Amino acid sequence: MKALRWHGPKDLRLEHIEEPTALPGKVKIKVEWCGICGSDLHEYTAGPIFIPAGDPHPITGESAPVVMGHEFSGRVVEAGEGVTRVQAGDRVVVEPIYACGKCEACRKGRYNLCENMGFLGLAGGGGGFSEYVTAEEYMVHKIPDSLSYEQGALVEPSAVALHAVRQSKLKVGDKAAVFGAGPIGLLVIEALKASGAAEIYAVELSPERKAKAAELGAIVLDPKEFDVVAELHARTNGGVDVAYEVTGVPPVLTQALESTNIGGELMIVSIFEKEAPIMPNRIVMKERSVNGIIGYRDVFPAVISLMEQGYFPAEKLVTKRIELDQVLEEGFETLLKEKNQVKILVKAE
């Protein structure tokens with residue numbers, strides 16, 4: 001079958017590899033759609049970050065080259081021995097976190113913080129940029145017929161956004177700011193709406209992404225037009241309750257922190273490629289707090305339920321659909337060159 005494999009930075013190859021089989025405890029899935037994630041782009045331009053390029057990953061036992069893609073939906077074509085939760089024909093999405101189940105974080109139920117945490121599609125085990133993939137039974141979640149496969153491909157990134165809002169101090173009626181209206185930032189806006197935020201501000205430069213944020217109901221501020229920190233303080237009578245940093249750009253981290261009110265919170269959602277200093281007094285003198293999330297845990301069912309209610313709409317968030325043969329030039333390279341793109345979905349053949 002065809003599969004996109006990471007060999008090194010700027011070295012992704014669409015190759016023919018052996019089609020996987022459903023071993024005991026595993027589910028074989030015919031991939032329908034797979035989204036290109038920001039972390040995929042980071043691996044492409046500056047990896048390895050999550051990809052095991054030297055020693056094999058302790059859970060998968062694999063190292064590069066690995067098949068990429070972890071935001072995908074598909075149809076079960078085979079259930080391995082012992083699998084009881086799904087059967088052939090089921091429409092599914094995959095929660096792609098590998099966890100050891102033994103470390104302190106796993107024992108506390110925080111499996112996304114596992115000492116050896118990895119992602120299917122980054123740490124080995126196959127990936128969604130292929131025709132077929134197998135996944136452990138515990139990773140697989142059924143989706144209702146009312147949700148399209150395209151919508152299903154947005155469950156994984158939407159889970160990141162919902163987890164970020166759930167882990168923050170946001171309460172119903174609070175005011176929030178989202179710094180960066182890329183794919184995850186836009187999904188955070190949706191998660192904030194679902195969580196009852198009274199005012200949602202989006203700080204963004206791209207005209208197309210500003211338009212998307214406004215379409216989703218956010219109040220848009222352009223840093224070229226405003227001192228966004230001063231503007232947010234003026235509009236919210238002292239600052240937002242929670243600011244979500246979703247750019248990975250060091251100077252924005254300070255802006256996001258300073259946009260919060262007394263006792264406010266900065267929630268870091270993005271992955272940074274380099275250090276981002278913060279002056280501690282900016283936290284101390286206002287008794288602010290700084291938090292961060294990685295991935296998600298125990299939120300896929302909630303995301304699927306919210307999607308049934310109309311949240312995280314694919315029709316507003318997907319800006320391009322391509323074939324697997326086009327994934328490099330029309331996918332990865334396009335996302336690097338065209339900042340107007342939000343979410344590109346890849347159709348498995």
# chains A, B, ... in the order shown; residues from 1 in each chain; ligands from 1
>>> select_by_dssp(residues="segment 79-312 of chain A", states="helix (DSSP H, G or I)", output="ChimeraX atom specification")
/A:104-107,111-113,137-139,149-152,155-167,183-194,207-215,228-236,250-258,281-284,300-308
>>> select_by_dssp(residues="segment 152-346 of chain A", states="strand (DSSP E)", output="MDAnalysis selection string")
chainID A and resid 175:179 199:203 219:221 240:245 260:268 289:292 318:323 343:346
>>> write_last_selection(atoms="C-alpha atoms", output="mmCIF file, in the first residue's frame")
data_model
loop_
_atom_site.group_PDB
_atom_site.id
_atom_site.type_symbol
_atom_site.label_atom_id
_atom_site.label_comp_id
_atom_site.auth_asym_id
_atom_site.auth_seq_id
_atom_site.Cartn_x
_atom_site.Cartn_y
_atom_site.Cartn_z
ATOM 1 C CA LYS A 175 -13.708 36.441 28.962
ATOM 2 C CA ALA A 176 -10.963 34.770 26.946
ATOM 3 C CA ALA A 177 -8.389 35.607 24.300
ATOM 4 C CA VAL A 178 -6.938 33.188 21.764
ATOM 5 C CA PHE A 179 -3.547 34.216 20.376
ATOM 6 C CA GLU A 199 -16.498 37.116 25.203
ATOM 7 C CA ILE A 200 -13.902 35.482 22.963
ATOM 8 C CA TYR A 201 -11.147 37.558 21.361
ATOM 9 C CA ALA A 202 -8.905 36.248 18.585
ATOM 10 C CA VAL A 203 -5.508 37.870 17.975
ATOM 11 C CA ILE A 219 -13.982 39.407 18.267
ATOM 12 C CA VAL A 220 -10.900 39.801 16.084
ATOM 13 C CA LEU A 221 -7.906 42.005 16.922
ATOM 14 C CA VAL A 240 -9.218 38.615 30.045
ATOM 15 C CA ASP A 241 -9.693 35.815 32.536
ATOM 16 C CA VAL A 242 -7.755 33.293 30.442
ATOM 17 C CA ALA A 243 -5.452 33.727 27.441
ATOM 18 C CA TYR A 244 -4.605 30.768 25.213
ATOM 19 C CA GLU A 245 -1.254 30.895 23.395
ATOM 20 C CA THR A 260 -4.800 38.641 31.420
ATOM 21 C CA ASN A 261 -6.309 40.350 34.439
ATOM 22 C CA ILE A 262 -5.333 40.183 38.104
ATOM 23 C CA GLY A 263 -5.264 36.500 38.986
ATOM 24 C CA GLY A 264 -5.661 35.606 35.315
ATOM 25 C CA GLU A 265 -4.238 32.555 33.587
ATOM 26 C CA LEU A 266 -2.043 31.906 30.581
ATOM 27 C CA MET A 267 -2.684 28.510 28.985
ATOM 28 C CA ILE A 268 0.090 27.377 26.632
ATOM 29 C CA SER A 289 -0.787 31.565 36.764
ATOM 30 C CA VAL A 290 0.767 29.782 33.792
ATOM 31 C CA ASN A 291 -0.361 26.354 32.684
ATOM 32 C CA GLY A 292 0.117 24.120 29.676
ATOM 33 C CA VAL A 318 -11.488 22.546 6.160
ATOM 34 C CA THR A 319 -9.975 24.755 3.463
ATOM 35 C CA LYS A 320 -8.512 22.152 1.114
ATOM 36 C CA ARG A 321 -8.945 18.489 0.250
ATOM 37 C CA ILE A 322 -6.238 16.544 -1.582
ATOM 38 C CA GLU A 323 -5.233 13.019 -2.562
ATOM 39 C CA LYS A 343 -7.048 22.545 7.763
ATOM 40 C CA ILE A 344 -5.991 20.422 4.809
ATOM 41 C CA LEU A 345 -7.435 16.924 4.670
ATOM 42 C CA VAL A 346 -5.800 14.095 2.747
#
>>> residues_around(residues="Ala198 of chain A", least_positions_apart="6", cutoff="8 Å", atoms="only C-alpha atoms", output="PDB file with all heavy atoms, in the first residue's frame")
ATOM      1  N   VAL A 172     -18.014  29.605  33.151  1.00  0.00           N
ATOM      2  CA  VAL A 172     -19.102  30.129  32.330  1.00  0.00           C
ATOM      3  C   VAL A 172     -19.220  31.634  32.579  1.00  0.00           C
ATOM      4  O   VAL A 172     -19.227  32.093  33.721  1.00  0.00           O
ATOM      5  CB  VAL A 172     -20.433  29.426  32.671  1.00  0.00           C
ATOM      6  CG1 VAL A 172     -21.592  30.119  31.961  1.00  0.00           C
ATOM      7  CG2 VAL A 172     -20.369  27.960  32.285  1.00  0.00           C
ATOM      8  N   GLY A 173     -19.271  32.414  31.499  1.00  0.00           N
ATOM      9  CA  GLY A 173     -19.384  33.859  31.614  1.00  0.00           C
ATOM     10  C   GLY A 173     -18.061  34.596  31.612  1.00  0.00           C
ATOM     11  O   GLY A 173     -18.041  35.836  31.595  1.00  0.00           O
ATOM     12  N   ASP A 174     -16.938  33.859  31.615  1.00  0.00           N
ATOM     13  CA  ASP A 174     -15.616  34.501  31.603  1.00  0.00           C
ATOM     14  C   ASP A 174     -15.275  35.045  30.219  1.00  0.00           C
ATOM     15  O   ASP A 174     -15.916  34.707  29.213  1.00  0.00           O
ATOM     16  CB  ASP A 174     -14.531  33.500  32.025  1.00  0.00           C
ATOM     17  CG  ASP A 174     -14.428  33.364  33.546  1.00  0.00           C
ATOM     18  OD1 ASP A 174     -15.137  34.107  34.260  1.00  0.00           O
ATOM     19  OD2 ASP A 174     -13.643  32.519  34.000  1.00  0.00           O
ATOM     20  N   LYS A 175     -14.214  35.872  30.210  1.00  0.00           N
ATOM     21  CA  LYS A 175     -13.708  36.441  28.962  1.00  0.00           C
ATOM     22  C   LYS A 175     -12.371  35.786  28.633  1.00  0.00           C
ATOM     23  O   LYS A 175     -11.546  35.574  29.530  1.00  0.00           O
ATOM     24  CB  LYS A 175     -13.543  37.955  29.102  1.00  0.00           C
ATOM     25  CG  LYS A 175     -14.850  38.668  29.438  1.00  0.00           C
ATOM     26  CD  LYS A 175     -14.626  40.125  29.785  1.00  0.00           C
ATOM     27  CE  LYS A 175     -15.939  40.790  30.206  1.00  0.00           C
ATOM     28  NZ  LYS A 175     -15.740  42.204  30.614  1.00  0.00           N
TER      29      LYS A 175
END
>>> closest_residue(among="A:Gly35, A:Gly118, A:Pro301, A:Gly124", to="Ala64 of chain A", atoms="only C-alpha atoms")
A:Gly124
>>> closest_residue(among="A:Ile51, A:Ala22, A:Ala99, A:Leu154", to="Val77 of chain A", atoms="only C-alpha atoms")
A:Ala22
>>> residues_around(residues="segment 24-26 of chain A", least_positions_apart="2", cutoff="6 Å", atoms="only C-alpha atoms", output="ChimeraX atom specification")
/A:22,80-83,135-137
>>> write_last_selection(atoms="N, CA, C and O atoms", output="short mmCIF file (atom, residue, chain, number, x, y, z; two decimals), in the first residue's frame")
data_model
loop_
_atom_site.label_atom_id
_atom_site.label_comp_id
_atom_site.auth_asym_id
_atom_site.auth_seq_id
_atom_site.Cartn_x
_atom_site.Cartn_y
_atom_site.Cartn_z
N ALA A 22 -4.50 -7.33 11.14
CA ALA A 22 -5.09 -7.14 12.47
C ALA A 22 -4.61 -8.23 13.41
O ALA A 22 -5.19 -9.33 13.48
N GLY A 80 -9.09 -7.84 15.18
CA GLY A 80 -8.22 -8.93 15.58
C GLY A 80 -8.80 -9.77 16.70
O GLY A 80 -9.81 -9.40 17.34
N GLU A 81 -8.18 -10.89 16.96
CA GLU A 81 -8.64 -11.80 18.01
C GLU A 81 -8.72 -11.06 19.36
O GLU A 81 -7.83 -10.32 19.73
N GLY A 82 -9.84 -11.25 20.04
CA GLY A 82 -10.02 -10.64 21.35
C GLY A 82 -10.67 -9.28 21.33
O GLY A 82 -11.05 -8.75 22.39
N VAL A 83 -10.82 -8.67 20.17
CA VAL A 83 -11.45 -7.35 20.08
C VAL A 83 -12.96 -7.50 20.19
O VAL A 83 -13.57 -8.29 19.47
N ALA A 135 -4.66 -0.20 14.82
CA ALA A 135 -4.58 0.51 16.09
C ALA A 135 -5.02 -0.41 17.21
O ALA A 135 -5.83 -1.33 17.00
N GLU A 136 -4.51 -0.16 18.41
CA GLU A 136 -4.95 -0.92 19.57
C GLU A 136 -6.44 -0.67 19.80
O GLU A 136 -6.95 0.43 19.58
N GLU A 137 -7.13 -1.67 20.28
CA GLU A 137 -8.58 -1.54 20.48
C GLU A 137 -8.93 -0.36 21.37
O GLU A 137 -9.90 0.36 21.11
#
>>> residues_around(residues="Lys212 of chain A", least_positions_apart="2", cutoff="9 Å", atoms="only C-alpha atoms", output="list in words")
Ala181, Leu186, Pro207, Glu208, Arg209, Lys210, Ala214, Glu215, Leu216, Gly217, Ala218, Lys316, Leu317 and Val342 of chain A
>>> write_last_selection(atoms="C-alpha atoms", output="PDB file, in the first residue's frame")
ATOM      1  CA  ALA A 181      -6.226  31.634  14.756  1.00  0.00           C
ATOM      2  CA  LEU A 186      -9.979  28.186  15.752  1.00  0.00           C
ATOM      3  CA  PRO A 207      -6.742  38.195   6.763  1.00  0.00           C
ATOM      4  CA  GLU A 208      -8.144  34.777   5.909  1.00  0.00           C
ATOM      5  CA  ARG A 209      -7.714  33.423   9.421  1.00  0.00           C
ATOM      6  CA  LYS A 210      -9.189  36.611  10.882  1.00  0.00           C
ATOM      7  CA  ALA A 214     -14.970  36.148  12.994  1.00  0.00           C
ATOM      8  CA  GLU A 215     -17.151  33.590  11.216  1.00  0.00           C
ATOM      9  CA  LEU A 216     -16.922  31.403  14.311  1.00  0.00           C
ATOM     10  CA  GLY A 217     -18.039  34.315  16.492  1.00  0.00           C
ATOM     11  CA  ALA A 218     -14.792  35.702  17.903  1.00  0.00           C
ATOM     12  CA  LYS A 316     -16.074  26.061   8.148  1.00  0.00           C
ATOM     13  CA  LEU A 317     -12.639  24.727   9.080  1.00  0.00           C
ATOM     14  CA  VAL A 342      -6.624  26.308   7.976  1.00  0.00           C
TER      15      VAL A 342
END
>>> residues_around(residues="Phe50 of chain A", least_positions_apart="6", cutoff="9 Å", atoms="only C-alpha atoms", output="PDB file with N, CA, C and O atoms, in the first residue's frame")
ATOM      1  N   SER A  39       1.923  19.710  14.375  1.00  0.00           N
ATOM      2  CA  SER A  39       3.071  18.925  14.829  1.00  0.00           C
ATOM      3  C   SER A  39       3.697  18.156  13.672  1.00  0.00           C
ATOM      4  O   SER A  39       4.916  17.929  13.643  1.00  0.00           O
ATOM      5  N   GLU A  43       7.632  18.472  12.543  1.00  0.00           N
ATOM      6  CA  GLU A  43       8.514  17.334  12.256  1.00  0.00           C
ATOM      7  C   GLU A  43       9.131  17.471  10.869  1.00  0.00           C
ATOM      8  O   GLU A  43      10.299  17.130  10.660  1.00  0.00           O
ATOM      9  N   GLY A 118       3.798   8.497  23.377  1.00  0.00           N
ATOM     10  CA  GLY A 118       4.061   8.675  21.956  1.00  0.00           C
ATOM     11  C   GLY A 118       2.743   8.724  21.212  1.00  0.00           C
ATOM     12  O   GLY A 118       1.680   8.480  21.798  1.00  0.00           O
ATOM     13  N   PHE A 119       2.806   9.070  19.933  1.00  0.00           N
ATOM     14  CA  PHE A 119       1.598   9.133  19.116  1.00  0.00           C
ATOM     15  C   PHE A 119       1.713   8.167  17.946  1.00  0.00           C
ATOM     16  O   PHE A 119       2.741   8.143  17.260  1.00  0.00           O
ATOM     17  N   LEU A 122       3.491   9.159  14.672  1.00  0.00           N
ATOM     18  CA  LEU A 122       4.736   9.880  14.941  1.00  0.00           C
ATOM     19  C   LEU A 122       5.774   8.949  15.570  1.00  0.00           C
ATOM     20  O   LEU A 122       6.945   8.993  15.221  1.00  0.00           O
ATOM     21  N   ALA A 123       5.319   8.116  16.503  1.00  0.00           N
ATOM     22  CA  ALA A 123       6.238   7.231  17.220  1.00  0.00           C
ATOM     23  C   ALA A 123       6.293   5.831  16.640  1.00  0.00           C
ATOM     24  O   ALA A 123       6.951   4.956  17.194  1.00  0.00           O
TER      25      ALA A 123
END
>>> closest_residue(among="A:Leu41, A:Leu192, A:Thr60, A:Val27", to="Ala79 of chain A", atoms="only C-alpha atoms")
A:Val27
>>> closest_residue(among="A:Ile97, A:Ala191, A:Val229, A:Ala234", to="Met307 of chain A", atoms="only C-alpha atoms")
A:Ala191
>>> residues_around(residues="Glu258 of chain A", least_positions_apart="4", cutoff="9 Å", atoms="only C-alpha atoms", output="ChimeraX atom specification")
/A:229,239,253-254,266,282-283
>>> write_last_selection(atoms="C-alpha atoms", output="PDB file, in the first residue's frame")
ATOM      1  CA  VAL A 229      -2.487  44.067  25.283  1.00  0.00           C
ATOM      2  CA  GLY A 239      -7.818  41.992  31.011  1.00  0.00           C
ATOM      3  CA  LEU A 253       3.858  34.361  24.895  1.00  0.00           C
ATOM      4  CA  THR A 254       4.542  37.588  26.791  1.00  0.00           C
ATOM      5  CA  LEU A 266      -2.043  31.906  30.581  1.00  0.00           C
ATOM      6  CA  ARG A 282       4.767  39.746  35.197  1.00  0.00           C
ATOM      7  CA  ILE A 283       3.354  36.680  36.892  1.00  0.00           C
TER       8      ILE A 283
END
>>> closest_residue(among="A:Cys114, A:Val140, A:Ala53, A:Ile59", to="Thr84 of chain A", atoms="only C-alpha atoms")
A:Val140
>>> closest_residue(among="A:Ala213, A:Leu205, A:Leu162, A:Met279", to="Ile304 of chain A", atoms="only C-alpha atoms")
A:Leu162
>>> decode(residues="segment 52-126 of chain A", atoms="C-alpha atoms", output="CSV table (one decimal), in the first residue's frame")
chain,number,residue,atom,x,y,z
A,52,PRO,CA,12.2,8.4,17.4
A,53,ALA,CA,15.1,9.0,15.0
A,54,GLY,CA,17.8,7.1,16.9
A,55,ASP,CA,16.8,4.6,19.6
A,56,PRO,CA,13.5,2.8,19.0
A,57,HIS,CA,10.5,4.2,20.8
A,58,PRO,CA,10.1,2.3,24.1
A,59,ILE,CA,6.4,1.4,23.5
A,60,THR,CA,6.3,0.8,19.7
A,61,GLY,CA,9.8,-0.5,19.3
A,62,GLU,CA,10.1,1.4,16.1
A,63,SER,CA,12.4,4.2,14.9
A,64,ALA,CA,12.5,6.3,11.7
A,65,PRO,CA,11.4,5.9,9.0
A,66,VAL,CA,7.9,6.0,10.4
A,67,VAL,CA,4.5,6.5,8.7
A,68,MET,CA,3.0,9.8,9.6
A,69,GLY,CA,-0.6,11.0,10.3
A,70,HIS,CA,-2.5,10.9,13.5
A,71,GLU,CA,-5.7,13.0,12.8
A,72,PHE,CA,-7.8,10.4,10.8
A,73,SER,CA,-11.1,8.7,10.4
A,74,GLY,CA,-11.9,5.5,8.7
A,75,ARG,CA,-13.9,2.2,8.5
A,76,VAL,CA,-13.1,-1.0,10.4
A,77,VAL,CA,-12.3,-3.8,7.9
A,78,GLU,CA,-11.0,-6.4,10.4
A,79,ALA,CA,-11.0,-6.9,14.1
A,80,GLY,CA,-8.2,-8.9,15.6
A,81,GLU,CA,-8.6,-11.8,18.0
A,82,GLY,CA,-10.0,-10.6,21.3
A,83,VAL,CA,-11.4,-7.4,20.1
A,84,THR,CA,-15.0,-6.8,21.3
A,85,ARG,CA,-15.7,-3.1,21.2
A,86,VAL,CA,-15.8,-2.7,17.4
A,87,GLN,CA,-16.5,-4.9,14.4
A,88,ALA,CA,-16.0,-4.8,10.6
A,89,GLY,CA,-18.1,-2.0,9.1
A,90,ASP,CA,-18.0,0.4,12.1
A,91,ARG,CA,-17.1,4.0,11.4
A,92,VAL,CA,-14.4,5.1,13.7
A,93,VAL,CA,-11.7,7.6,14.7
A,94,VAL,CA,-8.5,6.8,16.6
A,95,GLU,CA,-7.2,8.4,19.8
A,96,PRO,CA,-3.6,7.9,18.9
A,97,ILE,CA,-1.8,8.1,22.2
A,98,TYR,CA,0.6,5.4,23.3
A,99,ALA,CA,1.0,5.1,27.1
A,100,CYS,CA,2.9,2.5,29.1
A,101,GLY,CA,0.2,2.1,31.8
A,102,LYS,CA,2.8,1.7,34.5
A,103,CYS,CA,4.4,5.0,35.3
A,104,GLU,CA,3.2,7.5,37.9
A,105,ALA,CA,1.3,9.6,35.4
A,106,CYS,CA,-0.5,6.5,34.0
A,107,ARG,CA,-1.3,5.2,37.5
A,108,LYS,CA,-3.0,8.6,38.1
A,109,GLY,CA,-5.0,8.3,34.9
A,110,ARG,CA,-3.0,11.1,33.2
A,111,TYR,CA,-1.9,8.9,30.3
A,112,ASN,CA,-1.1,11.8,28.1
A,113,LEU,CA,1.7,12.6,30.5
A,114,CYS,CA,3.2,9.1,30.4
A,115,GLU,CA,7.0,9.0,30.7
A,116,ASN,CA,7.1,7.2,27.4
A,117,MET,CA,4.1,8.8,25.7
A,118,GLY,CA,4.1,8.7,22.0
A,119,PHE,CA,1.6,9.1,19.1
A,120,LEU,CA,0.6,6.6,16.5
A,121,GLY,CA,1.6,8.4,13.3
A,122,LEU,CA,4.7,9.9,14.9
A,123,ALA,CA,6.2,7.2,17.2
A,124,GLY,CA,5.6,4.3,14.9
A,125,GLY,CA,2.8,1.8,14.6
A,126,GLY,CA,1.6,3.1,11.3
